[in-house]
Amino acid sequence: MATRNLSSVLHELREHGNGANNGVRETNDLTDTGYVQEFEEEFVCRVCLGILQFVYSDGKGVLVEKNNAGDFAATIEDAVKKEGHEIDNFCLEVSLPPIVVEKEQAVWSYIEKKYSSESWFSEKFPSERIGVKDFLKLSVANPLEKLLDVKSNGSSFRICLTYTLSDASSKIEPLPESNGCSKRRKIGRFFIFGFPFVFPIETLCILASTSLMHTCKSSHGAITESLFLDSAHFKFLFDGTDDSDVLKNCTGLHEVEKHNTVTNSSIESVDEGNGFLPFPLEKVNNCCSLISQCYKTSIYVGGRYLKYSRNVSQSRWIIDDERMGEASVEEIIGGSILPICQGDSYKFHAAGREDIDVRMLGTGRPFLVEIQNARQFPSDVLIKDMEMKINSLERNLVKVKNLKFLGSQGWVMMREGEAEKQKQYAALVWISRPLNDDDVLSLSSFKDMQILQKTPVRVLHRRSPLGREKTIHWMKVERVAGSSQYFMLHLCTQAGTYIKEFVHGDLGRTQPSVGSILGCRAEILQLDVTDVKMDCFQTDSAVPASSSQSI
């Protein structure tokens, strides 16, 4: 961008007076108190609403003003350390009010309308301009990297800066002088061929957006922000700024939250239908409110669990403020893992579920515990400690094995295998007549038998009344010594088969059933899951139930 072109832009901004850049003025005295006084009353930028001035209202409604990006980054660092997170990198996320995007569009619309025919405009502005969000990230990321001693390159640890703007028109009062906050409006200073110019912060917001700003060190060692142009260089320094190298070598910034593109039809017109906010922009009295949060994306601890009790539900079960069962798998496992990872909360996910009166034996059922905002990543040693802690609980209701620390791929693994999994069961069955050899052969002869199951009566209150086709892959009969009407039925079925209903027929809602095949009444007395055939969290051997826990 040539010097004469920049001068032309600045002249236009100056001519508008009360516009987005409000009063660009040439002066030979940078300490001209009369001129500075003109900006004291209007201290909030009309374009960025104080965001690039590091002026904001905190969660309690108190106005906060930071001198520079370094001081602002130090505030974020304090919040991160207060949370006690262990981090090796971070990702900075910024969310802005839509009005800021609209104001940017209004300014750029004016500049484009005025200079789109100029060659320098087509060469530089369309491709190299930077918005408020990106410029804030560039300003804050580098000092934050230094303070936290980690890189910003996208990770599971996220620092979220959420700016909002209320509709209230009341003016936010600055903090008193005793709190170290000044009400003086931030002013930028330019030297153009040795002649000083003074600009309010709005002008610098626009100049920064051109992507022509670089960091350099003067001959006497002072750090300044510079605009390198074709035939001359312009130096400007933000008042009180001592961290201006934040714009240099910043990499790995990730814009996570996208704003909707502002369309011409969504904003007021400039002049008879240009489609953007009126230019010059109106004076604003309120700065944005800022909520800063830091959190880790969820981590997962996976494995397989075994349930030895017929009075333990998979998840916490409360009916009319009364607990059903003596405990739950979810609480036993999740409650043991959460404090070790120092997370805020947990969610329990499993590959299917068994009823409260059904035991989970054999190889166990795959599960994941999702730890939200964990402050400590579990090492191999901690994983072993988790396993030992759960398996050594006094009541011995639930045990786990093959625990592993996983990223989000653990969730994908379990979901992919769940639809295709097969399950094996052992059921104690009673029939209304003595079992004979033909019955044994008949049941054992079925291979990949298709059945149709309507939604069972016992779950109709919470499931849709649908018909589902399922496959019984095989069945084997084991006689019970000393009884002719009892036998053990071992079977392998497709995931999602209702085993109890397959045995007794559920008033004819499952066809065929064990009862219909044998031509008599059949009832299931006890049921165990003995294997869940999925690839994830496989172990070499099953853990047998103790003799006291046998059927």
# chains A, B, ... in the order shown; residues from 1 in each chain; ligands from 1

call {"tool": "select_by_dssp", "arguments": {"residues": "segment 263-431 of chain A", "states": "strand (DSSP E)", "output": "number ranges by chain"}}
result
A: 289-296, 299-307, 312-313, 318-319, 322-323, 327-328, 345-350, 359-372, 398-406, 422-431

call {"tool": "closest_residue", "arguments": {"among": "A:Lys384, A:Lys447, A:Arg479, A:Arg458", "to": "Asp355 of chain A", "atoms": "only C-alpha atoms"}}
result
A:Arg458

call {"tool": "closest_residue", "arguments": {"among": "A:Ser309, A:Ser298, A:Thr471, A:Ser139", "to": "Asp357 of chain A", "atoms": "only C-alpha atoms"}}
result
A:Ser309

call {"tool": "atom_distance", "arguments": {"atom1": "atom CA of Cys294 of chain A", "atom2": "atom CA of Leu338 of chain A"}}
result
18.6 Å

call {"tool": "select_by_dssp", "arguments": {"residues": "segment 426-543 of chain A", "states": "helix (DSSP H, G or I)", "output": "PyMOL selection string"}}
result
chain A and resi 437-444+457-459+499-504+514-518

call {"tool": "write_last_selection", "arguments": {"atoms": "C-alpha atoms", "output": "PDB file, in the first residue's frame"}}
result
ATOM      1  CA  ASP A 437     -34.176 -86.212  24.566  1.00  0.00           C
ATOM      2  CA  ASP A 438     -36.203 -84.999  21.569  1.00  0.00           C
ATOM      3  CA  ASP A 439     -36.516 -81.592  23.253  1.00  0.00           C
ATOM      4  CA  VAL A 440     -32.760 -81.421  23.700  1.00  0.00           C
ATOM      5  CA  LEU A 441     -32.124 -82.318  20.050  1.00  0.00           C
ATOM      6  CA  SER A 442     -34.804 -79.938  18.811  1.00  0.00           C
ATOM      7  CA  LEU A 443     -33.406 -76.901  20.608  1.00  0.00           C
ATOM      8  CA  SER A 444     -29.791 -77.760  19.737  1.00  0.00           C
ATOM      9  CA  VAL A 457     -44.913 -55.706  27.642  1.00  0.00           C
ATOM     10  CA  ARG A 458     -42.555 -54.891  30.532  1.00  0.00           C
ATOM     11  CA  VAL A 459     -40.877 -52.032  28.609  1.00  0.00           C
ATOM     12  CA  ILE A 499     -33.815 -63.279  26.121  1.00  0.00           C
ATOM     13  CA  LYS A 500     -36.493 -63.506  28.790  1.00  0.00           C
ATOM     14  CA  GLU A 501     -39.203 -62.972  26.192  1.00  0.00           C
ATOM     15  CA  PHE A 502     -37.583 -65.483  23.845  1.00  0.00           C
ATOM     16  CA  VAL A 503     -37.955 -68.124  26.559  1.00  0.00           C
ATOM     17  CA  HIS A 504     -41.548 -67.532  27.732  1.00  0.00           C
ATOM     18  CA  VAL A 514     -38.651 -71.772  23.575  1.00  0.00           C
ATOM     19  CA  GLY A 515     -42.179 -72.407  24.888  1.00  0.00           C
ATOM     20  CA  SER A 516     -43.692 -72.548  21.376  1.00  0.00           C
ATOM     21  CA  ILE A 517     -40.904 -74.808  20.095  1.00  0.00           C
ATOM     22  CA  LEU A 518     -41.369 -77.289  22.979  1.00  0.00           C
TER      23      LEU A 518
END
